[in-house]
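Shown next: protein_2.cif, containing mmCIF, C-alpha atoms.
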```
data_data
loop_
_atom_site.label_atom_id
_atom_site.label_comp_id
_atom_site.auth_asym_id
_atom_site.auth_seq_id
_atom_site.Cartn_x
_atom_site.Cartn_y
_atom_site.Cartn_z
CA MET I 1 -26.58 2.97 -14.06
CA SER I 2 -23.31 2.68 -15.94
CA ASN I 3 -21.53 -0.66 -15.88
CA GLU I 4 -18.20 1.13 -15.58
CA MET I 5 -16.21 2.64 -12.77
CA ASP I 6 -13.29 5.04 -12.60
CA PHE I 7 -9.92 4.51 -10.92
CA TYR I 8 -7.68 7.56 -10.45
CA PHE I 9 -4.03 7.14 -9.45
CA ASP I 10 -0.64 8.80 -9.45
CA PHE I 11 2.28 6.62 -10.58
CA SER I 12 4.22 7.82 -7.52
CA SER I 13 1.51 6.69 -5.07
CA PRO I 14 2.24 3.48 -3.08
CA TYR I 15 -1.42 3.02 -2.14
CA GLY I 16 -2.29 3.65 -5.79
CA TYR I 17 0.01 0.78 -6.76
CA LEU I 18 -1.55 -1.53 -4.17
CA ALA I 19 -5.03 -0.66 -5.44
CA SER I 20 -3.95 -1.21 -9.04
CA GLU I 21 -3.20 -4.84 -8.17
CA ARG I 22 -6.76 -5.45 -6.98
CA ILE I 23 -9.17 -3.09 -8.74
CA ASP I 24 -9.70 -4.94 -12.02
CA ALA I 25 -10.48 -8.22 -10.24
CA LEU I 26 -12.94 -6.34 -8.06
CA GLY I 27 -14.54 -4.72 -11.09
CA ALA I 28 -14.78 -8.04 -12.91
CA LYS I 29 -16.44 -9.68 -9.91
CA TYR I 30 -19.31 -7.20 -10.13
CA GLY I 31 -19.41 -6.79 -13.89
CA ARG I 32 -17.81 -3.37 -13.98
CA LYS I 33 -15.30 -2.25 -16.54
CA VAL I 34 -12.63 -0.19 -14.77
CA ASN I 35 -11.36 2.95 -16.49
CA TRP I 36 -7.84 3.81 -15.35
CA HIS I 37 -6.93 7.49 -15.09
CA PRO I 38 -3.36 8.59 -14.41
CA ILE I 39 -3.31 11.92 -12.58
CA LEU I 40 -0.73 14.20 -10.97
CA LEU I 41 -1.15 14.56 -7.22
CA GLY I 42 0.97 17.72 -7.23
CA ALA I 43 -1.71 19.53 -9.22
CA VAL I 44 -4.49 18.00 -7.14
CA PHE I 45 -2.84 18.99 -3.86
CA LYS I 46 -2.83 22.63 -4.98
CA GLN I 47 -6.63 22.49 -4.72
CA THR I 48 -6.66 21.24 -1.15
CA GLY I 49 -3.44 22.59 0.31
CA MET I 50 -2.47 19.03 1.22
CA ALA I 51 1.16 17.94 1.37
CA PRO I 52 2.61 14.71 0.01
CA LEU I 53 1.86 12.03 2.58
CA THR I 54 5.41 10.97 3.36
CA GLU I 55 6.45 14.58 3.95
CA VAL I 56 3.99 15.09 6.81
CA PRO I 57 5.79 14.77 10.17
CA ILE I 58 4.89 11.64 12.20
CA LYS I 59 2.06 10.69 9.82
CA GLY I 60 4.66 10.25 7.08
CA ASP I 61 6.61 7.73 9.18
CA TYR I 62 3.41 5.84 9.90
CA ALA I 63 2.57 5.82 6.20
CA LYS I 64 5.96 4.41 5.21
CA MET I 65 5.47 1.60 7.72
CA ASP I 66 1.89 1.08 6.60
CA PHE I 67 2.69 0.79 2.87
CA SER I 68 4.69 -2.38 3.59
CA ARG I 69 2.28 -3.67 6.19
CA THR I 70 -0.70 -3.25 3.85
CA ALA I 71 1.20 -4.90 0.99
CA ARG I 72 2.05 -7.89 3.19
CA MET I 73 -1.55 -8.19 4.31
CA LEU I 74 -2.76 -8.11 0.70
CA LYS I 75 0.10 -10.42 -0.36
CA ILE I 76 1.32 -7.95 -2.98
CA PRO I 77 5.09 -7.64 -3.60
CA PHE I 78 6.35 -4.24 -2.43
CA ALA I 79 9.69 -2.57 -1.73
CA MET I 80 9.82 1.11 -0.88
CA PRO I 81 11.82 2.80 -3.67
CA THR I 82 14.95 4.61 -2.54
CA VAL I 83 14.14 7.52 -4.85
CA PHE I 84 10.71 8.69 -3.66
CA PRO I 85 8.50 10.51 -4.40
CA ILE I 86 9.08 11.00 -8.12
CA GLY I 87 7.49 13.19 -10.74
CA SER I 88 5.12 10.94 -12.63
CA VAL I 89 4.56 12.95 -15.79
CA ALA I 90 6.59 10.59 -18.01
CA PRO I 91 4.79 7.30 -17.31
CA ALA I 92 1.43 9.09 -17.23
CA ARG I 93 1.94 10.53 -20.71
CA VAL I 94 3.31 7.25 -22.09
CA MET I 95 0.23 5.53 -20.70
CA LEU I 96 -2.08 8.04 -22.37
CA TRP I 97 -0.18 7.64 -25.63
CA ILE I 98 -0.79 3.88 -25.49
CA ALA I 99 -4.39 4.42 -24.34
CA SER I 100 -5.12 6.59 -27.38
CA ARG I 101 -4.88 3.42 -29.43
CA ASN I 102 -5.57 0.63 -26.97
CA PRO I 103 -6.96 1.23 -23.46
CA GLU I 104 -6.35 -2.36 -22.31
CA ALA I 105 -2.70 -2.16 -23.41
CA ALA I 106 -2.46 1.08 -21.43
CA LYS I 107 -3.57 -0.73 -18.28
CA ALA I 108 -0.95 -3.40 -18.90
CA TYR I 109 1.64 -0.64 -19.18
CA ALA I 110 0.46 0.98 -15.95
CA ARG I 111 0.80 -2.33 -14.10
CA VAL I 112 4.29 -2.92 -15.48
CA ALA I 113 5.37 0.64 -14.65
CA TYR I 114 3.96 0.44 -11.12
CA ARG I 115 5.76 -2.85 -10.47
CA ALA I 116 8.99 -1.51 -11.95
CA PHE I 117 8.84 1.29 -9.40
CA PHE I 118 7.38 -0.38 -6.31
CA VAL I 119 8.90 -3.85 -6.67
CA ASP I 120 12.14 -3.34 -8.61
CA GLY I 121 12.95 0.25 -7.63
CA PHE I 122 13.38 1.73 -11.11
CA ASN I 123 12.85 5.47 -11.33
CA ILE I 124 9.94 5.39 -13.75
CA GLY I 125 9.82 9.18 -13.67
CA GLU I 126 12.84 9.20 -15.99
CA PRO I 127 11.61 9.51 -19.60
CA ALA I 128 14.07 6.88 -20.86
CA THR I 129 12.87 4.40 -18.25
CA ALA I 130 9.19 5.16 -18.87
CA ALA I 131 9.81 4.55 -22.58
CA ALA I 132 11.89 1.41 -22.04
CA LEU I 133 9.03 -0.15 -20.08
CA ALA I 134 6.72 0.52 -23.03
CA ALA I 135 9.27 -1.07 -25.35
CA GLY I 136 9.28 -4.14 -23.14
CA LEU I 137 5.59 -4.52 -23.95
CA GLY I 138 6.18 -4.28 -27.69
CA HIS I 139 5.58 -0.57 -28.19
CA ASP I 140 8.00 1.57 -30.16
CA ARG I 141 10.57 2.94 -27.74
CA THR I 142 11.37 6.11 -29.69
CA ALA I 143 7.72 6.94 -30.24
CA ALA I 144 6.97 6.29 -26.56
CA GLN I 145 9.67 8.67 -25.44
CA ALA I 146 8.60 11.28 -27.99
CA ALA I 147 5.04 11.10 -26.65
CA ILE I 148 6.27 12.48 -23.31
CA ASP I 149 7.02 15.83 -24.95
CA ASP I 150 4.19 15.70 -27.47
CA PRO I 151 1.63 18.53 -26.99
CA GLN I 152 -1.15 16.03 -27.65
CA TYR I 153 -0.30 13.88 -24.62
CA LYS I 154 0.61 16.88 -22.51
CA ALA I 155 -2.91 18.13 -23.19
CA ALA I 156 -4.41 14.68 -22.58
CA LEU I 157 -2.79 14.45 -19.15
CA LYS I 158 -3.80 18.00 -18.28
CA MET I 159 -7.37 17.09 -19.18
CA GLU I 160 -7.28 13.95 -17.02
CA VAL I 161 -6.09 16.04 -14.08
CA GLU I 162 -8.67 18.77 -14.63
CA GLN I 163 -11.50 16.29 -15.02
CA ALA I 164 -10.39 14.50 -11.85
CA ILE I 165 -10.34 17.76 -9.90
CA GLY I 166 -13.73 18.61 -11.37
CA ARG I 167 -15.09 15.33 -9.97
CA GLY I 168 -13.70 16.00 -6.49
CA VAL I 169 -10.69 13.71 -6.66
CA PHE I 170 -8.20 14.77 -3.97
CA GLY I 171 -5.94 11.76 -3.48
CA SER I 172 -4.65 8.46 -4.88
CA PRO I 173 -6.11 5.94 -5.24
CA PHE I 174 -9.57 7.37 -5.77
CA PHE I 175 -12.55 5.47 -7.15
CA ILE I 176 -15.85 6.74 -8.48
CA VAL I 177 -18.72 4.36 -9.10
CA ASP I 178 -22.14 5.70 -10.08
CA ASN I 179 -20.94 9.15 -8.92
CA GLU I 180 -20.12 7.77 -5.48
CA PRO I 181 -16.53 8.63 -4.48
CA PHE I 182 -14.21 6.36 -2.49
CA TRP I 183 -10.75 7.49 -1.40
CA GLY I 184 -7.93 5.19 -0.41
CA CYS I 185 -6.68 1.66 -0.79
CA ASP I 186 -8.19 0.94 2.63
CA ARG I 187 -11.65 1.58 1.22
CA LEU I 188 -11.60 -1.33 -1.21
CA ALA I 189 -13.78 -3.31 1.22
CA MET I 190 -16.34 -0.48 1.39
CA LEU I 191 -16.22 -0.13 -2.39
CA GLU I 192 -16.89 -3.85 -2.73
CA GLU I 193 -19.82 -3.62 -0.33
CA TRP I 194 -21.18 -0.76 -2.44
CA LEU I 195 -20.79 -2.73 -5.68
CA LYS I 196 -22.41 -5.78 -4.09
CA THR I 197 -25.39 -4.01 -2.56
CA GLY I 198 -25.86 -1.09 -4.93
CA GLY I 199 -25.35 1.33 -2.07
CA TRP I 200 -27.03 2.13 1.23
CA MET N 1 2.50 -9.65 24.98
CA SER N 2 0.07 -7.47 26.88
CA ASN N 3 -3.57 -8.47 26.84
CA GLU N 4 -4.55 -4.84 26.54
CA MET N 5 -4.81 -2.33 23.73
CA ASP N 6 -5.06 1.44 23.56
CA PHE N 7 -7.75 3.53 21.90
CA TYR N 8 -7.07 7.25 21.42
CA PHE N 9 -9.86 9.61 20.41
CA ASP N 10 -10.98 13.23 20.42
CA PHE N 11 -14.56 13.86 21.55
CA SER N 12 -15.02 16.09 18.50
CA SER N 13 -13.99 13.35 16.04
CA PRO N 14 -16.81 11.68 14.05
CA TYR N 15 -14.65 8.72 13.10
CA GLY N 16 -13.60 8.49 16.76
CA TYR N 17 -17.26 8.21 17.71
CA LEU N 18 -17.88 5.49 15.14
CA ALA N 19 -14.86 3.55 16.40
CA SER N 20 -16.01 3.95 20.00
CA GLU N 21 -19.17 2.03 19.12
CA ARG N 22 -17.16 -0.99 17.94
CA ILE N 23 -13.80 -1.12 19.70
CA ASP N 24 -14.79 -2.79 22.97
CA ALA N 25 -16.64 -5.59 21.19
CA LEU N 26 -13.58 -6.11 19.00
CA GLY N 27 -11.29 -6.17 22.04
CA ALA N 28 -13.56 -8.61 23.86
CA LYS N 29 -13.62 -10.95 20.85
CA TYR N 30 -9.85 -11.33 21.06
CA GLY N 31 -9.48 -11.14 24.83
CA ARG N 32 -8.08 -7.62 24.91
CA LYS N 33 -8.99 -5.02 27.47
CA VAL N 34 -9.31 -1.67 25.72
CA ASN N 35 -7.90 1.41 27.46
CA TRP N 36 -9.69 4.55 26.32
CA HIS N 37 -7.62 7.74 26.06
CA PRO N 38 -9.28 11.09 25.38
CA ILE N 39 -6.88 13.41 23.55
CA LEU N 40 -6.98 16.86 21.95
CA LEU N 41 -6.43 16.81 18.21
CA GLY N 42 -5.57 20.51 18.21
CA ALA N 43 -2.42 19.80 20.21
CA VAL N 44 -1.65 16.72 18.12
CA PHE N 45 -2.03 18.61 14.85
CA LYS N 46 0.60 21.10 15.98
CA GLN N 47 3.11 18.25 15.71
CA THR N 48 2.21 17.38 12.15
CA GLY N 49 0.99 20.67 10.70
CA MET N 50 -2.26 18.93 9.78
CA ALA N 51 -5.55 20.82 9.62
CA PRO N 52 -8.90 19.67 10.99
CA LEU N 53 -10.33 17.28 8.40
CA THR N 54 -13.53 19.15 7.62
CA GLU N 55 -11.60 22.38 7.04
CA VAL N 56 -9.54 20.94 4.18
CA PRO N 57 -11.02 22.03 0.83
CA ILE N 58 -12.69 19.25 -1.21
CA LYS N 59 -11.42 16.53 1.16
CA GLY N 60 -13.53 18.11 3.91
CA ASP N 61 -16.69 17.81 1.80
CA TYR N 62 -15.89 14.19 1.08
CA ALA N 63 -15.34 13.56 4.78
CA LYS N 64 -18.69 15.05 5.77
CA MET N 65 -20.41 12.79 3.25
CA ASP N 66 -18.33 9.81 4.38
CA PHE N 67 -19.10 10.19 8.10
CA SER N 68 -22.76 9.49 7.37
CA ARG N 69 -22.05 6.84 4.77
CA THR N 70 -19.71 4.96 7.12
CA ALA N 71 -22.21 5.22 9.97
CA ARG N 72 -24.98 3.79 7.76
CA MET N 73 -22.72 0.95 6.65
CA LEU N 74 -21.84 0.12 10.26
CA LYS N 75 -25.49 0.62 11.32
CA ILE N 76 -24.51 3.20 13.94
CA PRO N 77 -26.87 6.15 14.56
CA PHE N 78 -25.27 9.39 13.39
CA ALA N 79 -26.34 12.97 12.70
CA MET N 80 -23.74 15.59 11.86
CA PRO N 81 -23.88 18.19 14.65
CA THR N 82 -24.70 21.72 13.53
CA VAL N 83 -22.03 23.12 15.83
CA PHE N 84 -18.83 21.43 14.63
CA PRO N 85 -15.99 21.06 15.38
CA ILE N 86 -16.04 21.82 19.09
CA GLY N 87 -13.34 22.17 21.72
CA SER N 88 -13.36 18.89 23.61
CA VAL N 89 -11.51 19.86 26.76
CA ALA N 90 -14.62 19.72 28.97
CA PRO N 91 -15.79 16.13 28.27
CA ALA N 92 -12.17 14.92 28.20
CA ARG N 93 -11.49 16.26 31.68
CA VAL N 94 -14.81 15.02 33.05
CA MET N 95 -13.97 11.60 31.66
CA LEU N 96 -10.55 11.63 33.33
CA TRP N 97 -12.16 12.74 36.59
CA ILE N 98 -14.47 9.71 36.44
CA ALA N 99 -11.61 7.47 35.30
CA SER N 100 -9.52 8.41 38.33
CA ARG N 101 -11.98 6.42 40.40
CA ASN N 102 -13.56 4.00 37.92
CA PRO N 103 -12.17 3.41 34.42
CA GLU N 104 -15.20 1.39 33.27
CA ALA N 105 -17.55 4.19 34.37
CA ALA N 106 -15.36 6.60 32.39
CA LYS N 107 -15.92 4.54 29.24
CA ALA N 108 -19.65 4.62 29.86
CA TYR N 109 -19.42 8.41 30.15
CA ALA N 110 -17.43 8.65 26.92
CA ARG N 111 -20.08 6.63 25.08
CA VAL N 112 -22.88 8.78 26.44
CA ALA N 113 -21.05 12.00 25.61
CA TYR N 114 -20.22 10.85 22.08
CA ARG N 115 -23.85 9.90 21.44
CA ALA N 116 -25.08 13.17 22.92
CA PHE N 117 -22.93 14.98 20.37
CA PHE N 118 -23.16 12.78 17.28
CA VAL N 119 -26.72 11.52 17.65
CA ASP N 120 -28.57 14.21 19.58
CA GLY N 121 -26.51 17.26 18.60
CA PHE N 122 -25.74 18.58 22.09
CA ASN N 123 -22.64 20.77 22.30
CA ILE N 124 -20.71 18.58 24.72
CA GLY N 125 -17.87 21.10 24.65
CA GLU N 126 -19.92 23.31 26.98
CA PRO N 127 -18.86 22.62 30.58
CA ALA N 128 -22.45 22.61 31.83
CA THR N 129 -23.44 20.05 29.21
CA ALA N 130 -20.38 17.87 29.84
CA ALA N 131 -21.23 17.91 33.56
CA ALA N 132 -24.96 17.28 33.01
CA LEU N 133 -24.13 14.12 31.05
CA ALA N 134 -22.07 12.89 33.99
CA ALA N 135 -24.98 13.68 36.31
CA GLY N 136 -27.22 11.56 34.10
CA LEU N 137 -24.96 8.61 34.91
CA GLY N 138 -25.20 9.22 38.65
CA HIS N 139 -22.09 11.32 39.15
CA ASP N 140 -22.18 14.55 41.12
CA ARG N 141 -22.92 17.36 38.71
CA THR N 142 -21.17 20.11 40.66
CA ALA N 143 -18.06 18.01 41.20
CA ALA N 144 -18.02 17.02 37.52
CA GLN N 145 -18.13 20.63 36.41
CA ALA N 146 -15.51 21.62 38.97
CA ALA N 147 -13.18 18.92 37.61
CA ILE N 148 -13.03 20.75 34.29
CA ASP N 149 -11.11 23.60 35.93
CA ASP N 150 -9.27 21.44 38.46
CA PRO N 151 -5.45 21.54 37.97
CA GLN N 152 -5.38 17.78 38.63
CA TYR N 153 -7.51 16.93 35.61
CA LYS N 154 -5.96 19.65 33.48
CA ALA N 155 -2.62 17.94 34.17
CA ALA N 156 -4.11 14.49 33.56
CA LEU N 157 -5.38 15.51 30.12
CA LYS N 158 -2.11 17.21 29.26
CA MET N 159 -0.32 13.99 30.16
CA GLU N 160 -2.67 11.91 27.99
CA VAL N 161 -1.97 14.20 25.05
CA GLU N 162 1.79 14.20 25.61
CA GLN N 163 1.92 10.43 25.99
CA ALA N 164 -0.14 10.02 22.83
CA ILE N 165 2.18 12.30 20.88
CA GLY N 166 5.13 10.40 22.33
CA ARG N 167 3.68 7.17 20.94
CA GLY N 168 3.22 8.65 17.46
CA VAL N 169 -0.52 9.26 17.63
CA PHE N 170 -1.45 11.83 14.95
CA GLY N 171 -5.19 11.41 14.46
CA SER N 172 -8.47 10.09 15.84
CA PRO N 173 -9.30 7.29 16.21
CA PHE N 174 -5.90 5.75 16.74
CA PHE N 175 -5.25 2.28 18.11
CA ILE N 176 -2.04 0.74 19.45
CA VAL N 177 -1.82 -2.99 20.06
CA ASP N 178 1.51 -4.56 21.04
CA ASN N 179 3.19 -1.32 19.88
CA GLU N 180 1.62 -1.66 16.44
CA PRO N 181 -0.22 1.54 15.45
CA PHE N 182 -3.46 1.68 13.45
CA TRP N 183 -5.00 4.97 12.38
CA GLY N 184 -8.60 5.46 11.39
CA CYS N 185 -12.03 3.96 11.75
CA ASP N 186 -11.52 2.37 8.33
CA ARG N 187 -8.68 0.30 9.75
CA LEU N 188 -10.85 -1.68 12.16
CA ALA N 189 -10.78 -4.62 9.73
CA MET N 190 -6.98 -4.55 9.56
CA LEU N 191 -6.80 -4.21 13.34
CA GLU N 192 -9.05 -7.26 13.68
CA GLU N 193 -6.87 -9.23 11.27
CA TRP N 194 -3.86 -8.26 13.39
CA LEU N 195 -5.56 -9.34 16.62
CA LYS N 196 -6.67 -12.60 15.03
CA THR N 197 -3.34 -13.56 13.51
CA GLY N 198 -0.88 -11.90 15.86
CA GLY N 199 0.52 -9.85 13.01
CA TRP N 200 2.25 -10.54 9.73
#
```
Is it possible to give me this structure as structure tokens?
Amino acid sequence: MSNEMDFYFDFSSPYGYLASERIDALGAKYGRKVNWHPILLGAVFKQTGMAPLTEVPIKGDYAKMDFSRTARMLKIPFAMPTVFPIGSVAPARVMLWIASRNPEAAKAYARVAYRAFFVDGFNIGEPATAAALAAGLGHDRTAAQAAIDDPQYKAALKMEVEQAIGRGVFGSPFFIVDNEPFWGCDRLAMLEEWLKTGGW
Amino acid sequence: MSNEMDFYFDFSSPYGYLASERIDALGAKYGRKVNWHPILLGAVFKQTGMAPLTEVPIKGDYAKMDFSRTARMLKIPFAMPTVFPIGSVAPARVMLWIASRNPEAAKAYARVAYRAFFVDGFNIGEPATAAALAAGLGHDRTAAQAAIDDPQYKAALKMEVEQAIGRGVFGSPFFIVDNEPFWGCDRLAMLEEWLKTGGW
């Protein structure tokens, strides 16, 4: 049994953001290193025919209410961005650029980018914004922005998406531990039970 | 604040069945009477454009695995029926026929019908089966089966579905407490937190 687990998320996913604020603490509690994988839900949805959550009639309205309600319950700061959803290619590629040298620094970037979007309302889908957030963490701003159009990080993101689809990932957040899949921020309790007991 | 809460479910819904095995105990714990409402997801899905869960590629496979996993976690007997999904008009109308005289007896019928389907694999969508289950609880079998085609109970079920749609119900199980909606068996913990605290 590996002592790692995988966390898949789209930077435009509110429930992905909420999970990102809890998953490392959960992993640490049970001795699991968490590998963070940025993906693109647009590509994933092509596999399932699913639509973006907030665009589904009725269910979308419930979801928008529930993002805030869940955040309040978990005591995580949250403000629904006015520009939503966004394309998340830019922060995903910047993250993979940072990850190519330092995976832990990439996680720090992901947290900062998620908060910039879901707390402060910045459109992190804009390349300049995605790069500025990297600069705020001490990375080179010009190199960060260049990475967004670099074939190497385009390919890296494509590979993340393809590997996620290959493992059955169909939403965000999505967790895989010992090949057991868990979908949704509301499954963190079940995931914890699984980590605690080793499964049932 | 009402001391009641509403529970909406489709007899063909595995997560609805799992919730049905827990919701009355949860209500009792917080002094809430639970009103059970059979609905038809087919009609509800027309409002949202959603597809039956198990028919969605990839997500459907996950769901089939997760029905059993969730049941094992909750220690509720469960066996995926070989005939699935089914039309649930027959048990829904039999339930409403019983409810017209005795709401508590209607709940008992719903529990028996759900278990017949999700434990013993009977096709409860068949009128004869739906009526036989009522007979097993002491109701008149012929009258139960006649209720399925009775305009009164057709109208009663149509009204349940329309009222559910009017309240924003888009899935099964769905709970409404003090106008606060909760969707999904995996939200029972959040629903309990809401009942305990009065909301946040």
Applied to the shown file, which residues does the PyMOL selection byres ((chain N) within 12 of (chain I)) return, written as an NGL selection string?
-> :N and (44-63 or 65-66 or 68-75 or 164-171 or 174 or 180-191 or 193-194 or 197 or 199-200)
Exactly which residues make up the result of the PyMOL selection byres ((chain I and resi 98) around 12) on this file, given as an MDAnalysis selection string?
-> chainID I and resid 91:97 99:110 131 133:135 137:141 143:145 147:148 153 156
One decimal, Å: what's the distance from atom CA of N:Ala43 over to atom CA of N:Lys158, could you say?
->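 We find that atom CA of N:Ala43 and atom CA of N:Lys158 lie 9.4 Å from each other.
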Atom CA of I:Trp36 and atom CA of I:Ala116, how far apart in Å?
->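 So the answer is 18.0 Å.
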Please provide the set of residues having any atom within 9 Å of N:Ser2, restricted to only C-alpha atoms, with same-chain residues fewer than 3 positions apart removed, written as a PyMOL selection string.
-> chain N and resi 5+32+177-178
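Minimum atom-to-atom distance to I:Lys154, evaluated using all atoms listed in the file, belongs to I:Ala90 out of I:Ala90, I:Ser12, I:His37, I:Thr142.
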Of the candidates I:Gln163, I:Phe9, I:Ile124, I:Pro81, which one gets nearest to I:Pro38 if we count only C-alpha atoms?
->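 Checking each of I:Gln163, I:Phe9, I:Ile124, I:Pro81 against I:Pro38, counting only C-alpha atoms, the winner is I:Phe9.
For the set I:Glu162, I:Asp149, I:Glu21, I:Asp6, the residue with the smallest atom-to-atom gap to I:Leu40 is I:Glu162, counting all atoms listed in the file.
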Nearest-residue call for N:Tyr8, choices N:Ile23, N:Ala128, N:Val83, N:Val89, using only C-alpha atoms =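 Closest to N:Tyr8, using only C-alpha atoms: N:Ile23.
For the atom pair formed by atom CA of I:Ser172 and atom CA of I:Ser13, the distance is 6.4 Å, given to one decimal.
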To test the calculation: enclose all listed atoms of stretch 59-74 of chain N in a box whose edges run along x, y and z, add 5 Å on each side, then state centre and edge lengths in Å to one decimal, as lines of an AutoDock Vina configuration file.
```
center_x = -18.2
center_y = 9.1
center_z = 5.7
size_x = 23.6
size_y = 28.0
size_z = 19.2
```
Polymer residues at most 10 Å from I:Asp120, all atoms listed in the file, same-chain spacing of 2 or more positions, as a list in words |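 Neighbouring residues, sequence-local ones excluded: Pro77, Phe78, Ala79, Met80, Pro81, Ala113, Tyr114, Arg115, Ala116, Phe117, Phe118, Phe122 and Asn123 of chain I.
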Could you please fill out stretch 124-130 of chain I with all heavy atoms and send it back as a CSV table (one decimal), in the frame of the given file?
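The result, written out as rebuild16.csv:
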```
chain,number,residue,atom,x,y,z
I,124,ILE,N,10.8,5.3,-12.5
I,124,ILE,CA,9.9,5.4,-13.8
I,124,ILE,C,9.6,6.8,-14.1
I,124,ILE,O,9.0,7.1,-15.2
I,124,ILE,CB,8.6,4.6,-13.6
I,124,ILE,CG1,7.8,5.1,-12.4
I,124,ILE,CG2,9.0,3.1,-13.3
I,124,ILE,CD1,6.4,4.5,-12.3
I,125,GLY,N,10.0,7.8,-13.3
I,125,GLY,CA,9.8,9.2,-13.7
I,125,GLY,C,10.8,9.6,-14.7
I,125,GLY,O,10.6,10.7,-15.4
I,126,GLU,N,11.9,8.9,-14.9
I,126,GLU,CA,12.8,9.2,-16.0
I,126,GLU,C,12.2,8.9,-17.3
I,126,GLU,O,11.8,7.7,-17.5
I,126,GLU,CB,14.1,8.4,-15.8
I,126,GLU,CG,14.9,8.7,-14.5
I,126,GLU,CD,15.6,10.0,-14.6
I,126,GLU,OE1,15.7,10.6,-15.8
I,126,GLU,OE2,16.0,10.5,-13.6
I,127,PRO,N,12.2,9.8,-18.3
I,127,PRO,CA,11.6,9.5,-19.6
I,127,PRO,C,12.2,8.3,-20.3
I,127,PRO,O,11.4,7.5,-20.8
I,127,PRO,CB,11.9,10.8,-20.4
I,127,PRO,CG,12.0,11.9,-19.4
I,127,PRO,CD,12.6,11.2,-18.2
I,128,ALA,N,13.5,8.1,-20.2
I,128,ALA,CA,14.1,6.9,-20.9
I,128,ALA,C,13.5,5.6,-20.2
I,128,ALA,O,13.3,4.6,-21.0
I,128,ALA,CB,15.6,6.9,-20.8
I,129,THR,N,13.4,5.6,-18.9
I,129,THR,CA,12.9,4.4,-18.2
I,129,THR,C,11.4,4.2,-18.6
I,129,THR,O,11.0,3.0,-18.9
I,129,THR,CB,13.1,4.5,-16.7
I,129,THR,OG1,14.4,4.8,-16.5
I,129,THR,CG2,12.6,3.3,-16.0
I,130,ALA,N,10.6,5.3,-18.5
I,130,ALA,CA,9.2,5.2,-18.9
I,130,ALA,C,9.0,4.6,-20.3
I,130,ALA,O,8.1,3.8,-20.5
I,130,ALA,CB,8.5,6.5,-18.7
```
